[in-house]
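**Q** Below is the file entry.txt, which contains compact mmCIF, C-alpha atoms and all ligand atoms.
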# COMPACT_ATOMS: atom_id res chain seq x y z
CA MET A 1 28.28 5.90 9.08
CA ALA A 2 27.75 8.36 6.26
CA ARG A 3 24.20 9.55 5.74
CA ARG A 4 22.49 7.51 3.08
CA ARG A 5 21.95 8.88 -0.37
CA GLN A 6 18.35 9.75 -1.13
CA LEU A 7 17.19 8.21 -4.41
CA TYR A 8 13.54 9.23 -4.59
CA GLU A 9 10.97 11.14 -2.60
CA GLY A 10 7.31 10.29 -3.07
CA LYS A 11 4.21 11.69 -1.41
CA ALA A 12 4.31 9.36 1.60
CA LYS A 13 7.71 7.70 1.46
CA ILE A 14 11.39 8.32 0.73
CA LEU A 15 13.74 5.76 -0.78
CA PHE A 16 17.40 5.74 0.24
CA GLU A 17 20.29 3.71 -1.07
CA GLY A 18 20.50 0.46 0.91
CA PRO A 19 23.49 -0.94 2.82
CA GLU A 20 24.28 -3.47 0.09
CA PRO A 21 23.70 -3.64 -3.66
CA GLY A 22 20.18 -4.59 -4.62
CA THR A 23 18.69 -3.17 -1.42
CA LEU A 24 16.94 0.10 -0.57
CA VAL A 25 15.74 1.71 2.63
CA GLN A 26 12.09 2.74 2.56
CA TYR A 27 11.29 5.60 4.96
CA PHE A 28 7.65 6.26 5.92
CA LYS A 29 6.67 9.93 6.30
CA ASP A 30 3.70 11.37 8.19
CA ASP A 31 2.73 13.37 5.09
CA ALA A 32 -0.64 12.59 3.61
CA THR A 33 -2.04 13.65 0.26
CA ALA A 34 -5.29 12.98 -1.52
CA PHE A 35 -6.85 13.69 -4.90
CA ASN A 36 -3.47 13.65 -6.64
CA ALA A 37 -1.88 15.87 -4.00
CA GLN A 38 -4.49 18.65 -4.29
CA LYS A 39 -5.17 18.04 -0.59
CA LYS A 40 -2.14 17.91 1.70
CA GLY A 41 -1.70 17.31 5.41
CA THR A 42 0.15 15.50 8.13
CA ILE A 43 -1.11 12.56 10.12
CA THR A 44 1.06 12.41 13.23
CA GLY A 45 2.52 8.96 13.75
CA LYS A 46 1.18 7.63 10.42
CA GLY A 47 4.64 6.72 9.12
CA VAL A 48 5.43 4.66 12.20
CA LEU A 49 2.10 2.83 11.99
CA ASN A 50 2.25 2.20 8.24
CA ASN A 51 5.81 0.87 8.56
CA ARG A 52 4.57 -1.65 11.15
CA ILE A 53 1.32 -2.52 9.39
CA SER A 54 3.01 -3.02 6.01
CA GLU A 55 5.75 -5.13 7.64
CA PHE A 56 3.11 -7.29 9.30
CA LEU A 57 1.00 -7.80 6.17
CA MET A 58 3.95 -8.42 3.82
CA THR A 59 5.43 -10.92 6.29
CA LYS A 60 2.11 -12.77 6.46
CA LEU A 61 1.89 -12.77 2.66
CA ALA A 62 5.43 -14.13 2.37
CA GLU A 63 4.34 -17.00 4.64
CA ILE A 64 1.80 -18.05 1.99
CA ASN A 65 4.51 -17.72 -0.70
CA VAL A 66 3.53 -14.37 -2.14
CA PRO A 67 6.89 -12.87 -3.15
CA THR A 68 7.41 -9.34 -1.81
CA HIS A 69 10.13 -6.69 -1.78
CA PHE A 70 10.16 -6.62 2.03
CA ILE A 71 13.32 -7.81 3.81
CA ARG A 72 13.05 -6.51 7.38
CA ARG A 73 12.06 -3.51 9.45
CA LEU A 74 15.05 -1.43 10.52
CA ASN A 75 13.50 1.01 12.99
CA MET A 76 10.32 2.97 13.71
CA ARG A 77 10.07 4.54 10.27
CA GLU A 78 12.32 2.49 8.01
CA GLN A 79 12.39 -0.89 6.39
CA LEU A 80 14.94 -2.64 4.24
CA ILE A 81 13.55 -3.71 0.89
CA LYS A 82 14.81 -5.35 -2.28
CA GLU A 83 15.39 -2.96 -5.14
CA VAL A 84 12.87 -3.66 -7.88
CA GLU A 85 11.90 -2.05 -11.15
CA ILE A 86 8.45 -0.67 -10.38
CA ILE A 87 5.78 -1.48 -12.97
CA PRO A 88 3.98 1.85 -13.54
CA VAL A 89 0.53 0.42 -12.91
CA GLU A 90 -1.59 0.74 -9.77
CA VAL A 91 -3.66 -2.40 -9.31
CA VAL A 92 -6.90 -1.78 -7.44
CA VAL A 93 -9.05 -4.63 -6.12
CA ARG A 94 -12.61 -3.97 -5.03
CA ASN A 95 -14.91 -6.20 -3.00
CA ILE A 96 -17.49 -3.57 -2.06
CA ALA A 97 -18.46 -0.44 -4.01
CA ALA A 98 -16.82 2.70 -2.63
CA GLY A 99 -14.85 5.74 -3.74
CA SER A 100 -14.34 6.27 -7.45
CA LEU A 101 -16.22 3.11 -8.48
CA ALA A 102 -19.31 4.13 -6.51
CA GLN A 103 -19.12 7.61 -8.04
CA ARG A 104 -18.36 6.63 -11.61
CA LEU A 105 -21.01 3.94 -11.91
CA GLY A 106 -23.59 5.37 -9.52
CA ILE A 107 -23.54 2.35 -7.23
CA PRO A 108 -24.33 3.19 -3.59
CA GLU A 109 -21.24 3.00 -1.39
CA GLY A 110 -21.34 -0.21 0.62
CA THR A 111 -22.94 -2.39 -2.07
CA ARG A 112 -21.23 -5.79 -2.15
CA LEU A 113 -19.95 -6.43 -5.67
CA PRO A 114 -21.07 -9.62 -7.46
CA ARG A 115 -17.41 -10.63 -7.52
CA SER A 116 -14.07 -9.00 -6.81
CA ILE A 117 -13.15 -6.51 -9.50
CA VAL A 118 -9.56 -5.73 -10.52
CA GLU A 119 -8.83 -2.34 -12.11
CA TYR A 120 -5.63 -0.77 -13.43
CA TYR A 121 -4.45 2.83 -13.29
CA TYR A 122 -1.42 4.20 -15.12
CA LYS A 123 0.96 5.56 -12.46
CA ASN A 124 1.49 9.09 -13.70
CA ASP A 125 0.90 12.05 -11.38
CA GLN A 126 0.87 14.56 -14.24
CA LEU A 127 -2.04 12.73 -15.83
CA GLY A 128 -3.76 12.08 -12.48
CA ASP A 129 -3.27 8.27 -12.63
CA PRO A 130 -5.83 7.56 -15.40
CA MET A 131 -7.66 4.25 -15.46
CA VAL A 132 -6.39 1.94 -18.20
CA ALA A 133 -7.19 -1.50 -19.56
CA GLU A 134 -4.82 -4.46 -19.79
CA GLU A 135 -4.69 -3.66 -23.52
CA HIS A 136 -2.98 -0.33 -22.82
CA ILE A 137 -0.57 -1.91 -20.36
CA THR A 138 0.63 -4.57 -22.78
CA ALA A 139 0.43 -2.42 -25.94
CA PHE A 140 2.60 0.31 -24.40
CA GLY A 141 4.97 -2.24 -22.88
CA TRP A 142 4.47 -1.24 -19.23
CA ALA A 143 4.11 -4.96 -18.55
CA THR A 144 4.07 -8.05 -20.75
CA PRO A 145 1.14 -10.49 -20.98
CA PRO A 146 3.03 -13.04 -18.81
CA ASP A 147 3.75 -10.26 -16.26
CA MET A 148 0.03 -9.49 -16.19
CA ASP A 149 -0.84 -13.16 -15.66
CA ASP A 150 1.43 -13.17 -12.59
CA ILE A 151 0.04 -9.85 -11.37
CA VAL A 152 -3.61 -10.92 -11.62
CA HIS A 153 -2.91 -14.29 -10.03
CA LEU A 154 -0.98 -12.72 -7.13
CA THR A 155 -3.55 -9.93 -6.71
CA LEU A 156 -6.46 -12.36 -6.33
CA ARG A 157 -4.51 -14.49 -3.83
CA ILE A 158 -3.58 -11.39 -1.85
CA ASN A 159 -7.21 -10.29 -1.83
CA ASP A 160 -8.46 -13.68 -0.59
CA PHE A 161 -5.81 -13.84 2.10
CA LEU A 162 -6.11 -10.27 3.34
CA THR A 163 -9.93 -10.39 3.29
CA GLY A 164 -9.80 -13.33 5.70
CA LEU A 165 -7.04 -11.84 7.83
CA PHE A 166 -8.89 -8.55 8.31
CA LEU A 167 -12.24 -10.26 8.85
CA GLY A 168 -10.62 -12.17 11.70
CA VAL A 169 -9.98 -8.87 13.49
CA GLY A 170 -13.40 -7.38 12.77
CA ILE A 171 -12.46 -5.37 9.68
CA THR A 172 -14.02 -5.51 6.20
CA LEU A 173 -11.48 -5.14 3.39
CA VAL A 174 -13.51 -2.96 1.02
CA ASP A 175 -10.82 -2.25 -1.58
CA PHE A 176 -7.10 -1.63 -1.85
CA LYS A 177 -4.27 -0.68 -4.18
CA LEU A 178 -1.16 -2.73 -4.93
CA GLU A 179 2.04 -2.06 -6.83
CA PHE A 180 4.32 -4.68 -8.30
CA GLY A 181 7.93 -4.65 -9.41
CA ARG A 182 10.38 -6.75 -11.36
CA LEU A 183 13.06 -8.35 -9.23
CA TYR A 184 16.18 -9.41 -11.11
CA GLU A 185 18.13 -12.23 -9.46
CA ASN A 186 20.96 -13.84 -11.42
CA GLU A 187 19.45 -14.61 -14.82
CA ASP A 188 15.90 -14.68 -13.49
CA MET A 189 13.18 -12.06 -13.31
CA ARG A 190 10.29 -12.40 -10.89
CA ILE A 191 7.23 -10.22 -10.30
CA VAL A 192 7.04 -9.27 -6.62
CA LEU A 193 4.69 -7.20 -4.48
CA ALA A 194 6.23 -3.78 -3.77
CA ASP A 195 5.34 -0.42 -2.20
CA GLU A 196 3.25 -0.80 0.99
CA ILE A 197 -0.05 -2.17 2.24
CA SER A 198 -1.50 0.12 4.90
CA PRO A 199 -4.59 2.19 5.71
CA ASP A 200 -3.20 4.73 3.21
CA ASN A 201 -4.01 2.43 0.32
CA CYS A 202 -6.81 0.23 1.64
CA ARG A 203 -10.41 0.93 2.58
CA LEU A 204 -10.99 -0.75 5.92
CA TRP A 205 -14.41 -0.66 7.60
CA ASP A 206 -15.38 -1.91 11.02
CA VAL A 207 -17.43 -5.06 10.45
CA LYS A 208 -20.16 -4.10 12.91
CA THR A 209 -20.51 -0.34 12.45
CA ASN A 210 -18.98 0.17 8.95
CA GLU A 211 -16.96 2.98 10.52
CA LYS A 212 -14.06 3.97 8.26
CA MET A 213 -10.60 3.05 9.58
CA ASP A 214 -8.44 4.31 6.71
CA LYS A 215 -7.32 7.33 4.69
CA ASP A 216 -10.89 8.20 3.74
CA ARG A 217 -11.01 9.85 7.19
CA PHE A 218 -8.41 12.29 5.84
CA ARG A 219 -9.81 12.52 2.30
CA ARG A 220 -13.30 13.30 3.63
CA ASP A 221 -12.33 15.29 6.75
CA LEU A 222 -13.93 12.81 9.12
CA GLY A 223 -11.46 13.42 11.99
CA LYS A 224 -9.87 10.86 14.34
CA ILE A 225 -7.42 9.80 11.63
CA GLU A 226 -4.50 8.82 13.87
CA GLU A 227 -6.87 6.96 16.14
CA ALA A 228 -8.22 4.94 13.20
CA TYR A 229 -4.74 3.90 11.99
CA GLN A 230 -3.80 3.01 15.57
CA GLU A 231 -6.93 0.92 15.96
CA VAL A 232 -6.05 -1.05 12.81
CA ALA A 233 -2.58 -1.73 14.24
CA ARG A 234 -4.03 -2.61 17.64
CA ARG A 235 -6.49 -5.10 16.17
CA LEU A 236 -3.70 -6.70 14.15
CA GLY A 237 -1.83 -7.05 17.45
CA ILE A 238 1.13 -4.92 16.41
CA LEU A 239 1.04 -1.73 18.47
CA PRO A 240 4.42 -1.24 20.14
CA GLU A 241 4.34 -2.47 23.71
CA ALA A 242 4.66 0.97 25.24
CA GLY A 243 1.38 1.90 23.58
CA SER A 244 0.54 4.84 21.42
CA ARG A 245 2.90 7.28 23.22
CA ASP A 246 5.70 5.35 21.55
CA MET A 247 4.39 6.21 18.12
CA LYS A 248 5.14 9.90 18.23
CA GLY A 249 8.67 9.86 19.57
CA PRO A 250 11.65 11.08 17.60
CA GLU A 251 12.84 8.51 15.13
CA THR A 252 16.37 7.55 14.22
CA MET A 253 17.41 7.73 10.61
CA GLN A 254 19.99 4.98 10.68
P1 LIG B 301 -10.59 4.93 -5.46
O1 LIG B 301 -11.97 4.44 -5.06
O2 LIG B 301 -10.34 6.34 -5.10
O3 LIG B 301 -10.30 4.63 -6.89
O4 LIG B 301 -9.55 4.08 -4.60
C1 LIG B 301 -9.53 2.68 -4.63
C2 LIG B 301 -8.52 2.15 -3.60
O5 LIG B 301 -7.19 2.48 -3.99
C3 LIG B 301 -8.68 2.72 -2.21
O6 LIG B 301 -8.46 1.68 -1.27
C4 LIG B 301 -7.61 3.76 -2.08
C5 LIG B 301 -6.54 3.28 -3.00
N1 LIG B 301 -5.83 4.36 -3.70
C6 LIG B 301 -4.48 4.52 -3.52
O7 LIG B 301 -3.85 3.78 -2.78
N2 LIG B 301 -3.86 5.53 -4.21
C7 LIG B 301 -4.51 6.35 -5.05
O8 LIG B 301 -3.88 7.24 -5.64
C8 LIG B 301 -5.91 6.17 -5.23
C9 LIG B 301 -6.70 7.07 -6.13
C10 LIG B 301 -6.53 5.16 -4.54
N1 LIG B 302 -2.33 9.06 -2.89
C1 LIG B 302 -3.05 9.82 -3.84
C2 LIG B 302 -2.63 11.29 -3.81
O1 LIG B 302 -2.02 11.89 -3.20
C3 LIG B 302 -4.52 9.77 -3.78
C4 LIG B 302 -5.25 9.13 -2.68
O2 LIG B 302 -4.76 8.25 -2.00
O3 LIG B 302 -6.43 9.49 -2.52
O4 LIG B 302 -2.93 12.08 -4.41
Take the structure I supplied and represent it as C-alpha cells, if you would.
**A**
Amino acid sequence: MARRRQLYEGKAKILFEGPEPGTLVQYFKDDATAFNAQKKGTITGKGVLNNRISEFLMTKLAEINVPTHFIRRLNMREQLIKEVEIIPVEVVVRNIAAGSLAQRLGIPEGTRLPRSIVEYYYKNDQLGDPMVAEEHITAFGWATPPDMDDIVHLTLRINDFLTGLFLGVGITLVDFKLEFGRLYENEDMRIVLADEISPDNCRLWDVKTNEKMDKDRFRRDLGKIEEAYQEVARRLGILPEAGSRDMKGPETMQ
C-alpha cells in the first residue's frame, strides 16, 4: 500500500488522507507544547495513551448519542475519523477555577465555580488563541447562531457525562477544551465533536489528593508526566494488557 498523503501537521497530531472519501487518519504524536508552543517537549508514550483515551471517551459519548468524528482505532497511534470542517473555535468548559481563569480573575485555583462556565477562544496560533464572545463568533461567521446552539447543548451534555464518568474512577474533571466540526452527509450538515479528549486538553485531579493527572504536569514542570497519563488510562480500564511496556514500542504507520 502506498504511504498515505499527509494533509496537516499540528502540534500534537498529524492528519493523513483516509482509505476512503470522507475519512481521515489521525496520528497521535508524543510531542507536547504549551503556552502557544513557546514551551516544547516530548512525553514518551503520550500519543499511544491519548489515542486510547480519546477512543474510549468518544465511544462512550457516542453511546449517549453525542455525534463525534471518531470511527475506529486503527493501531497504537492512529484512528480513523470522519472528515469534518473544523469550526475555528476552542470551547472550554470549567467546573473548578484553574489555569487562565484563576489567573485572570484572581480566583484561587481549586475554587468550585457557582456553575459550569463555557468560554470560547478563536483558534489562531498567530494571535495566541484569543478569548472571544459568541458575538464575535457569529458576527465573523465562524459559526452560525444555530451552530452555536448545538455546540452549547452538546458541550453541557459532554461535561455532565464526563464529570460523572471521571468521578467514578476517582478523578475530578476540573476543565477541558473541545473542538467541533461540520459533517456534511448527503444534503445534511451536522455539528459533531472533533479533535481529541485526553489529558492534553483536560485538567484532571485525583479526587482525594487533588494531584494533577494532566498536561499541567508538563506546563508547570511537575515531573511524572507519563506516569500521570498512564494512571488516567489505567483508572479508565484501558491500559493495553501487556502493561506500560507496550506503550513505548515501535508503532506501525499503516
Ligand atoms: P486554560 O486555563 O489555560 O485556559 O485552559 C483551560 C482548559 O483548556 C485546560 O483543560 C487546558 C485546555 N487547553 C487546551 O486544550 N488547549 C489550549 O491551547 C489551552 C490554552 C488550553
Ligand atoms: N496546546 C497549546 C500550545 O501548544 C497550549 C496548551 O495546551 O497549554 O501551545
**Q** Once you count all atoms listed in the file, which residues end up within 10 Å of ligand LIG 301 (chain B), and could you hand them over as an NGL selection string?
**A** :A and (33-37 or 90-94 or 97-104 or 119-121 or 123-125 or 128-131 or 173-179 or 196-204 or 214-216 or 219)
**Q** Which is closer to Gly18 (chain A) than all the others in A:Leu193, A:Val207, A:Ile71, A:Val118, using all atoms listed in the file?
**A**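 So, comparing all the options, the nearest one is A:Ile71.
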**Q** Report the distance between CA of Gly10 (chain A) and CA of Ala139 (chain A) in Å, rounded to one decimal place.
**A**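 Calculated distance between CA of Gly10 (chain A) and CA of Ala139 (chain A) is 27.1 Å.
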**Q** Tell me which of A:His69, A:His136, A:Lys11, A:Arg157 sits closest to Val89 (chain A), counting all atoms listed in the file.
**A**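 For Val89 (chain A), the nearest of the given residues is A:His136.
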**Q** Set the distance at 10 Å and use all atoms listed in the file: which residues neighbour Tyr8 (chain A) once local chain neighbours fewer than 6 positions away are removed? I'd like the list as a ChimeraX atom specification.
**A** /A:14-17,26
**Q** Could you write out as AutoDock Vina command-line options the box around ligand LIG 302 (chain B) (axis-aligned, all atoms listed in the file, 8 Å on each side), with centre and edge lengths in Å to one decimal?
**A**
--center_x -4.2 --center_y 10.2 --center_z -3.2 --size_x 20.4 --size_y 19.8 --size_z 18.4
**Q** CA of Thr163 (chain A) and CA of Asp221 (chain A), how far apart in Å?
**A** 26.0 Å
**Q** Write out as a compact mmCIF listing (two decimals) with C-alpha atoms, in the coordinates of the input which residues come within 12 Å of Glu211 (chain A) when counting all atoms listed in the file, dropping same-chain ones fewer than 3 positions away.
**A**
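File produced: around_32.txt:
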# COMPACT_ATOMS: atom_id res chain seq x y z
CA GLY A 110 -21.34 -0.21 0.62
CA GLY A 170 -13.40 -7.38 12.77
CA ILE A 171 -12.46 -5.37 9.68
CA THR A 172 -14.02 -5.51 6.20
CA VAL A 174 -13.51 -2.96 1.02
CA ARG A 203 -10.41 0.93 2.58
CA LEU A 204 -10.99 -0.75 5.92
CA TRP A 205 -14.41 -0.66 7.60
CA ASP A 206 -15.38 -1.91 11.02
CA VAL A 207 -17.43 -5.06 10.45
CA LYS A 208 -20.16 -4.10 12.91
CA ASP A 214 -8.44 4.31 6.71
CA ASP A 216 -10.89 8.20 3.74
CA ARG A 217 -11.01 9.85 7.19
CA LEU A 222 -13.93 12.81 9.12
CA GLY A 223 -11.46 13.42 11.99
CA LYS A 224 -9.87 10.86 14.34
CA ILE A 225 -7.42 9.80 11.63
CA ALA A 228 -8.22 4.94 13.20
CA GLU A 231 -6.93 0.92 15.96
CA VAL A 232 -6.05 -1.05 12.81
**Q** Please determine, counting all atoms listed in the file, which residue among A:Arg235, A:Arg115, A:Lys39, A:Lys46 has the shortest atom-to-atom distance to ligand LIG 302 (chain B).
**A**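 Counting all atoms listed in the file, the residue closest to ligand LIG 302 (chain B) is A:Lys39.
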**Q** Here is a test: counting all atoms listed in the file, which residue of A:Leu61, A:Phe56, A:Arg72, A:Arg220 is nearest to ligand LIG 302 (chain B)?
**A**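 The answer is A:Arg220, which sits nearest to ligand LIG 302 (chain B).
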**Q** For Asn210 (chain A), which of A:Ile96, A:Ala233, A:Ile238, A:Leu127 is the closest residue, counting all atoms listed in the file?
**A**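 Answer, going by the shortest atom-to-atom distance: A:Ile96.
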**Q** Using all atoms listed in the file, find the one residue out of A:Phe180, A:Phe218, A:Tyr229, A:Phe140 that sits nearest to Thr42 (chain A).
**A**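 Residue with the minimum atom-to-atom distance to Thr42 (chain A): A:Phe218.
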**Q** To one decimal place, how far is CA of Ile81 (chain A) from CA of Leu49 (chain A) in Å?
**A**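 For CA of Ile81 (chain A) relative to CA of Leu49 (chain A), the distance reads 17.2 Å.
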**Q** Quick one: residues within 12 Å of Pro146 (chain A), all atoms listed in the file, excluding same-chain residues fewer than 6 positions away - as a PDB file with C-alpha atoms, keeping the file's coordinate frame?
**A**
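Result saved to selection.pdb:
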ATOM      1  CA  GLU A 134      -4.820  -4.460 -19.790  1.00  0.00           C
ATOM      2  CA  ILE A 137      -0.570  -1.910 -20.360  1.00  0.00           C
ATOM      3  CA  THR A 138       0.630  -4.570 -22.780  1.00  0.00           C
ATOM      4  CA  VAL A 152      -3.610 -10.920 -11.620  1.00  0.00           C
ATOM      5  CA  HIS A 153      -2.910 -14.290 -10.030  1.00  0.00           C
ATOM      6  CA  MET A 189      13.180 -12.060 -13.310  1.00  0.00           C
ATOM      7  CA  ARG A 190      10.290 -12.400 -10.890  1.00  0.00           C
ATOM      8  CA  ILE A 191       7.230 -10.220 -10.300  1.00  0.00           C
TER       9      ILE A 191
END
